[in-house]
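*Asks:* Attaching a single structure in structure tokens format; questions to follow.
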Amino acid sequence: MKADAVFEGGGVRGIAFIGAIQEMEASGYQWERLAGTSAGSVVAALLACGYNASELIDIMNTLDYSLLLGKTWVHYLPIVGTALPVLFRSGIYLNTPLEDRLTYWLNQKGVSTFGDLPEGRLKIIASDISSGKMLVLPDDLSRYAISPSEFPIAAAVRMSTTLPYFFQPYRLKTKLRRKPFYILDGGLLSNYPIWLFDVDGIPNWPTFGFRLLGEQTEASLYDIRGPISMFRAMFQTMLKAHDQRHVDSHSESRTIFIPTGGVGATQFGLSAQDREMLFLSGQGAARKFLAEWDYEKYVEEFRVSRN
């Protein structure tokens, strides 16, 4: 059975997607087109380039997530090690380690650029804060006089996963102007682009969405005493806002909602127990969804009535 898949952002909690993917693949689903924002773009890219759930499990179990935080000597300075990169580079960490790892993983499948994939196979969401526009990659690269077919997929994923202030912005250099365009996390403008593959009328196959649900607790009170503590409060508020965005009934009907407990999006020091919990939660959420999913009912309720 063919299906499209759209994965939302959520940082390291994206591990939960792998459990859901395994359950969907075990039920006979094969991915036709894939899209993702932030952490979801990592999963979408790997699937689009030929990885399956079993291979993603191997990556999950062997990857040291803490190594994805690109550090320099500045980060080891006491007190100011966090503040200086934010002040002078607009973000704490470099996001190059993820791009490097993804380049390696994709090369294992003989893939490097969007031109190595069938047209329309993969869509990645990012945010151009220089222009104030959402980017759907590779489609929108033509805005910058860049050939979509020649652009590295790993670079697009790096753009999409560059959390504001946490990672230093991606600087996209072009022939259009001297200054680079600053690109950040796709979740700023569309953390859950479930609409991306929608067509008029009845689709040939369904589009499934995968969302992460954190614990709903009372809002924390942040003790703001200066610019660093204010930054931390801003950052945590931004991350929590993703979990609080609601979807309409049409989107909800085709979305697999995956509880992620108290695991934070930037909790890169994940324990083995955290990884297992996220994986099993994804499995359970997909199993529950499939038990209730009825494509004909979905078409009748949300597609036929729209014609």
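Labels used: A, B, ... for chains in the order of the structure tokens, numbers from 1 for residues in each chain, and numbers from 1 for ligands as shown.
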Could you name the residues that touch region 183-189 of chain A at 12 Å or less, counting only C-alpha atoms, but leaving out those on the same chain fewer than 3 positions away, as a VMD selection string?
*Replies:* chain A and resid 7 to 11 35 to 41 90 to 91 95 123 to 137 155 to 173 180 192 to 193 238 to 243 245
*Asks:* With distances taken over only C-alpha atoms, which residue among A:Tyr182, A:Phe302, A:Phe210, A:Tyr295 lies nearest Phe257 (chain A)?
*Replies:* A:Phe210
*Asks:* What is the distance, in Å and to one decimal place, between CA of Asp58 (chain A) and CA of Arg275 (chain A)?
*Replies:*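 We find that CA of Asp58 (chain A) and CA of Arg275 (chain A) lie 12.2 Å from each other.
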*Asks:* Please report the interatomic distance between CA of Phe197 (chain A) and CA of Arg33 (chain A) in Å with one decimal.
*Replies:*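 So the answer is 8.1 Å.
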*Asks:* Near region 21-23 of chain A, counting only C-alpha atoms, which residues have an atom at most 7 Å away, once you skip same-chain residues fewer than 2 positions from it, shown as a count of residues only?
*Replies:* 10
*Asks:* If you measure from CA of Arg13 (chain A) to CA of Gly284 (chain A), what distance in Å do you get, rounded to one decimal?
*Replies:* 15.2 Å
